[in-house]
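Shown here: structure_38.pdb, PDB, N, CA and C atoms and all ligand atoms.
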```
ATOM      1  N   MET A   1     237.729 143.784 310.348
ATOM      2  CA  MET A   1     236.520 144.596 310.193
ATOM      3  C   MET A   1     235.757 144.188 308.923
ATOM      4  N   ASP A   2     234.478 144.241 309.000
ATOM      5  CA  ASP A   2     233.659 143.884 307.835
ATOM      6  C   ASP A   2     233.697 144.978 306.784
ATOM      7  N   ILE A   3     233.548 144.563 305.549
ATOM      8  CA  ILE A   3     233.451 145.546 304.466
ATOM      9  C   ILE A   3     232.003 146.007 304.421
ATOM     10  N   ILE A   4     231.848 147.300 304.441
ATOM     11  CA  ILE A   4     230.496 147.840 304.432
ATOM     12  C   ILE A   4     230.061 148.094 302.998
ATOM     13  N   LYS A   5     228.977 147.472 302.622
ATOM     14  CA  LYS A   5     228.460 147.662 301.271
ATOM     15  C   LYS A   5     227.191 148.486 301.290
ATOM     16  N   PHE A   6     227.163 149.458 300.426
ATOM     17  CA  PHE A   6     225.947 150.251 300.285
ATOM     18  C   PHE A   6     225.918 150.803 298.878
ATOM     19  N   CYS A   7     224.759 151.170 298.422
ATOM     20  CA  CYS A   7     224.672 151.750 297.088
ATOM     21  C   CYS A   7     223.709 152.936 297.096
ATOM     22  N   VAL A   8     223.618 153.600 295.967
ATOM     23  CA  VAL A   8     222.784 154.797 295.845
ATOM     24  C   VAL A   8     221.348 154.482 296.252
ATOM     25  N   GLY A   9     220.808 155.312 297.100
ATOM     26  CA  GLY A   9     219.433 155.126 297.555
ATOM     27  C   GLY A   9     219.347 154.497 298.933
ATOM     28  N   ASP A  10     220.446 153.851 299.378
ATOM     29  CA  ASP A  10     220.433 153.245 300.711
ATOM     30  C   ASP A  10     220.470 154.316 301.794
ATOM     31  N   ILE A  11     219.973 153.943 302.952
ATOM     32  CA  ILE A  11     220.000 154.848 304.090
ATOM     33  C   ILE A  11     221.104 154.397 305.038
ATOM     34  N   LEU A  12     221.971 155.330 305.398
ATOM     35  CA  LEU A  12     223.043 155.033 306.336
ATOM     36  C   LEU A  12     222.697 155.628 307.688
ATOM     37  N   VAL A  13     222.751 154.786 308.710
ATOM     38  CA  VAL A  13     222.554 155.286 310.069
ATOM     39  C   VAL A  13     223.960 155.538 310.616
ATOM     40  N   MET A  14     224.229 156.764 310.993
ATOM     41  CA  MET A  14     225.563 157.155 311.412
ATOM     42  C   MET A  14     225.750 157.170 312.923
ATOM     43  N   LYS A  15     226.994 156.924 313.355
ATOM     44  CA  LYS A  15     227.309 156.978 314.786
ATOM     45  C   LYS A  15     227.284 158.425 315.261
ATOM     46  N   LYS A  16     227.828 159.280 314.391
ATOM     47  CA  LYS A  16     227.896 160.695 314.745
ATOM     48  C   LYS A  16     226.748 161.423 314.060
ATOM     49  N   LYS A  17     225.994 162.149 314.813
ATOM     50  CA  LYS A  17     224.842 162.848 314.254
ATOM     51  C   LYS A  17     225.231 164.116 313.518
ATOM     52  N   HIS A  18     224.386 164.496 312.601
ATOM     53  CA  HIS A  18     224.517 165.757 311.884
ATOM     54  C   HIS A  18     224.191 166.871 312.875
ATOM     55  N   PRO A  19     224.750 168.067 312.687
ATOM     56  CA  PRO A  19     224.429 169.172 313.612
ATOM     57  C   PRO A  19     222.928 169.417 313.803
ATOM     58  N   CYS A  20     222.117 169.043 312.806
ATOM     59  CA  CYS A  20     220.668 169.262 312.920
ATOM     60  C   CYS A  20     220.010 168.210 313.814
ATOM     61  N   GLY A  21     220.752 167.170 314.184
ATOM     62  CA  GLY A  21     220.209 166.130 315.056
ATOM     63  C   GLY A  21     219.857 164.850 314.332
ATOM     64  N   GLY A  22     219.900 164.882 312.996
ATOM     65  CA  GLY A  22     219.573 163.694 312.221
ATOM     66  C   GLY A  22     220.733 162.703 312.191
ATOM     67  N   ASP A  23     220.417 161.410 312.187
ATOM     68  CA  ASP A  23     221.494 160.420 312.100
ATOM     69  C   ASP A  23     221.298 159.482 310.904
ATOM     70  N   ARG A  24     220.370 159.823 310.035
ATOM     71  CA  ARG A  24     220.135 159.022 308.839
ATOM     72  C   ARG A  24     220.465 159.814 307.592
ATOM     73  N   PHE A  25     221.231 159.187 306.714
ATOM     74  CA  PHE A  25     221.674 159.850 305.494
ATOM     75  C   PHE A  25     221.410 158.969 304.292
ATOM     76  N   ARG A  26     220.864 159.550 303.248
ATOM     77  CA  ARG A  26     220.596 158.802 302.024
ATOM     78  C   ARG A  26     221.791 158.950 301.082
ATOM     79  N   VAL A  27     222.216 157.847 300.491
ATOM     80  CA  VAL A  27     223.362 157.872 299.585
ATOM     81  C   VAL A  27     222.930 158.420 298.221
ATOM     82  N   LEU A  28     223.621 159.476 297.776
ATOM     83  CA  LEU A  28     223.313 160.093 296.486
ATOM     84  C   LEU A  28     224.304 159.670 295.410
ATOM     85  N   ARG A  29     225.543 159.455 295.819
ATOM     86  CA  ARG A  29     226.566 159.075 294.859
ATOM     87  C   ARG A  29     227.670 158.310 295.572
ATOM     88  N   THR A  30     228.165 157.257 294.932
ATOM     89  CA  THR A  30     229.269 156.502 295.524
ATOM     90  C   THR A  30     230.506 156.639 294.646
ATOM     91  N   GLY A  31     231.630 156.239 295.178
ATOM     92  CA  GLY A  31     232.903 156.355 294.475
ATOM     93  C   GLY A  31     233.973 156.466 295.538
ATOM     94  N   SER A  32     235.084 157.141 295.246
ATOM     95  CA  SER A  32     236.103 157.318 296.285
ATOM     96  C   SER A  32     235.612 158.367 297.285
ATOM     97  N   ASP A  33     234.788 159.255 296.789
ATOM     98  CA  ASP A  33     234.085 160.192 297.670
ATOM     99  C   ASP A  33     232.609 159.833 297.627
ATOM    100  N   ILE A  34     231.979 159.884 298.771
ATOM    101  CA  ILE A  34     230.566 159.524 298.856
ATOM    102  C   ILE A  34     229.747 160.782 299.136
ATOM    103  N   ARG A  35     228.688 160.944 298.379
ATOM    104  CA  ARG A  35     227.803 162.072 298.631
ATOM    105  C   ARG A  35     226.531 161.552 299.279
ATOM    106  N   VAL A  36     226.201 162.114 300.419
ATOM    107  CA  VAL A  36     225.009 161.706 301.151
ATOM    108  C   VAL A  36     224.149 162.919 301.471
ATOM    109  N   GLU A  37     222.884 162.641 301.689
ATOM    110  CA  GLU A  37     221.956 163.714 302.036
ATOM    111  C   GLU A  37     221.328 163.391 303.380
ATOM    112  N   CYS A  38     221.355 164.361 304.270
ATOM    113  CA  CYS A  38     220.727 164.201 305.576
ATOM    114  C   CYS A  38     219.219 164.088 305.344
ATOM    115  N   THR A  39     218.600 163.043 305.889
ATOM    116  CA  THR A  39     217.175 162.840 305.631
ATOM    117  C   THR A  39     216.310 163.822 306.427
ATOM    118  N   LEU A  40     216.916 164.474 307.396
ATOM    119  CA  LEU A  40     216.147 165.389 308.235
ATOM    120  C   LEU A  40     216.156 166.821 307.678
ATOM    121  N   CYS A  41     217.349 167.351 307.406
ATOM    122  CA  CYS A  41     217.419 168.745 306.943
ATOM    123  C   CYS A  41     217.674 168.859 305.441
ATOM    124  N   LYS A  42     217.866 167.704 304.767
ATOM    125  CA  LYS A  42     218.051 167.646 303.310
ATOM    126  C   LYS A  42     219.337 168.291 302.792
ATOM    127  N   ARG A  43     220.254 168.576 303.677
ATOM    128  CA  ARG A  43     221.521 169.131 303.231
ATOM    129  C   ARG A  43     222.416 167.995 302.761
ATOM    130  N   ASP A  44     223.216 168.230 301.735
ATOM    131  CA  ASP A  44     224.084 167.144 301.322
ATOM    132  C   ASP A  44     225.542 167.388 301.667
ATOM    133  N   ILE A  45     226.222 166.270 301.920
ATOM    134  CA  ILE A  45     227.603 166.299 302.388
ATOM    135  C   ILE A  45     228.411 165.346 301.504
ATOM    136  N   THR A  46     229.642 165.738 301.186
ATOM    137  CA  THR A  46     230.531 164.840 300.463
ATOM    138  C   THR A  46     231.684 164.489 301.398
ATOM    139  N   LEU A  47     231.923 163.179 301.530
ATOM    140  CA  LEU A  47     232.965 162.706 302.432
ATOM    141  C   LEU A  47     233.807 161.639 301.754
ATOM    142  N   PRO A  48     235.118 161.571 302.106
ATOM    143  CA  PRO A  48     235.916 160.466 301.587
ATOM    144  C   PRO A  48     235.358 159.153 302.124
ATOM    145  N   ARG A  49     235.383 158.107 301.309
ATOM    146  CA  ARG A  49     234.807 156.818 301.668
ATOM    147  C   ARG A  49     235.286 156.286 303.025
ATOM    148  N   GLU A  50     236.604 156.344 303.276
ATOM    149  CA  GLU A  50     237.146 155.787 304.537
ATOM    150  C   GLU A  50     236.572 156.505 305.751
ATOM    151  N   LYS A  51     236.472 157.809 305.635
ATOM    152  CA  LYS A  51     235.974 158.598 306.746
ATOM    153  C   LYS A  51     234.501 158.280 307.021
ATOM    154  N   LEU A  52     233.745 158.152 305.937
ATOM    155  CA  LEU A  52     232.328 157.852 306.051
ATOM    156  C   LEU A  52     232.099 156.453 306.641
ATOM    157  N   GLU A  53     232.875 155.471 306.141
ATOM    158  CA  GLU A  53     232.698 154.082 306.599
ATOM    159  C   GLU A  53     232.912 153.934 308.092
ATOM    160  N   LYS A  54     233.867 154.667 308.629
ATOM    161  CA  LYS A  54     234.149 154.609 310.071
ATOM    162  C   LYS A  54     232.972 155.086 310.891
ATOM    163  N   ASN A  55     232.175 155.906 310.274
ATOM    164  CA  ASN A  55     231.066 156.542 310.976
ATOM    165  C   ASN A  55     229.728 155.802 310.834
ATOM    166  N   ILE A  56     229.701 154.767 309.993
ATOM    167  CA  ILE A  56     228.442 154.048 309.758
ATOM    168  C   ILE A  56     228.116 153.075 310.894
ATOM    169  N   LYS A  57     226.904 153.170 311.371
ATOM    170  CA  LYS A  57     226.436 152.250 312.401
ATOM    171  C   LYS A  57     225.632 151.125 311.762
ATOM    172  N   GLU A  58     224.822 151.497 310.770
ATOM    173  CA  GLU A  58     223.940 150.531 310.143
ATOM    174  C   GLU A  58     223.590 150.982 308.732
ATOM    175  N   VAL A  59     223.412 150.004 307.835
ATOM    176  CA  VAL A  59     222.983 150.320 306.476
ATOM    177  C   VAL A  59     221.596 149.739 306.279
ATOM    178  N   LYS A  60     220.681 150.570 305.835
ATOM    179  CA  LYS A  60     219.331 150.104 305.528
ATOM    180  C   LYS A  60     219.141 150.131 304.024
ATOM    181  N   HIS A  61     218.938 148.944 303.463
ATOM    182  CA  HIS A  61     218.757 148.879 302.016
ATOM    183  C   HIS A  61     217.328 149.234 301.662
ATOM    184  N   GLU A  62     217.225 150.207 300.798
ATOM    185  CA  GLU A  62     215.903 150.689 300.432
ATOM    186  C   GLU A  62     215.237 149.730 299.448
ATOM    187  N   GLU A  63     213.993 149.432 299.684
ATOM    188  CA  GLU A  63     213.232 148.567 298.780
ATOM    189  C   GLU A  63     212.808 149.381 297.565
ATOM    190  N   VAL A  64     212.908 148.745 296.417
ATOM    191  CA  VAL A  64     212.539 149.447 295.178
ATOM    192  C   VAL A  64     211.038 149.297 294.941
TER
HETATM  193 ZN    ZN A 101     220.933 167.409 308.924
END
```

Starting from the file, give its structure as structure tokens.
Amino acid sequence: MDIIKFCVGDILVMKKKHPCGGDRFRVLRTGSDIRVECTLCKRDITLPREKLEKNIKEVKHEEV
């Protein structure tokens, strides 16, 4: 499996949607736990890195 690289500010497209229907999450903090914010409802979620990585479909690197 490929190593998924992402950093703060990137958008993660997830396989599993948020209950609100959104599937894009912005990375707020990285580490062993990753904090992401749903781009649709703006709620933030903290997940262990392994759990989050399994759920990533695509990473969109945000242009500065
Ligand atoms: Zn949401």

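For the file at hand, the PyMOL selection byres (((chain A and resi 9) around 8) and not hetatm) resolves to Phe6, Cys7, Val8, Asp10, Ile11, Leu12, Phe25, Arg26, Val27, Leu28, Arg29, Thr30, Lys60, His61, Glu62 and Glu63 of chain A.
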
Return as an MDAnalysis selection string the set of residues that the PyMOL selection byres (((not hetatm) and name CA) within 7 of (chain A and resi 101)) yields on the displayed structure.
chainID A and resid 18:22 38:43

On this file, the PyMOL selection byres (((chain A and resi 15) around 6) and not hetatm) gives some set of residues; write that set as a ChimeraX atom specification.
/A:13-14,16-17,55-57

Test item, helix (DSSP H, G or I) assignment across chain A, answer as a ChimeraX atom specification:
/A:49-55

Report the distance between CA of Val36 in chain A and CA of Ile3 in chain A in Å, rounded to one decimal place.
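Straight-line distance from CA of Val36 in chain A to CA of Ile3 in chain A works out to 18.5 Å.
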
Between CA of Asp44 in chain A and CA of Ile4 in chain A, measure the distance and give it in Å to one decimal.
20.6 Å

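Between atom C of Ser32 in chain A and CA of Pro48 in chain A the separation is 4.8 Å.
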
Need to verify the contact set: Asp33 in chain A, 8 Å, only C-alpha atoms, exclusion of same-chain residues closer than 5 positions in sequence. Can you return it as a compact mmCIF listing (two decimals) with N, CA and C atoms, keeping the file's coordinate frame?
```
# COMPACT_ATOMS: atom_id res chain seq x y z
N THR A 46 229.64 165.74 301.19
CA THR A 46 230.53 164.84 300.46
C THR A 46 231.68 164.49 301.40
N LEU A 47 231.92 163.18 301.53
CA LEU A 47 232.96 162.71 302.43
C LEU A 47 233.81 161.64 301.75
N PRO A 48 235.12 161.57 302.11
CA PRO A 48 235.92 160.47 301.59
C PRO A 48 235.36 159.15 302.12
N ARG A 49 235.38 158.11 301.31
CA ARG A 49 234.81 156.82 301.67
C ARG A 49 235.29 156.29 303.02
```

Just list as a PyMOL selection string whatever in range 6-46 of chain A DSSP marks as strand (DSSP E or B).
chain A and resi 11-14+24-29+33-38+44-46
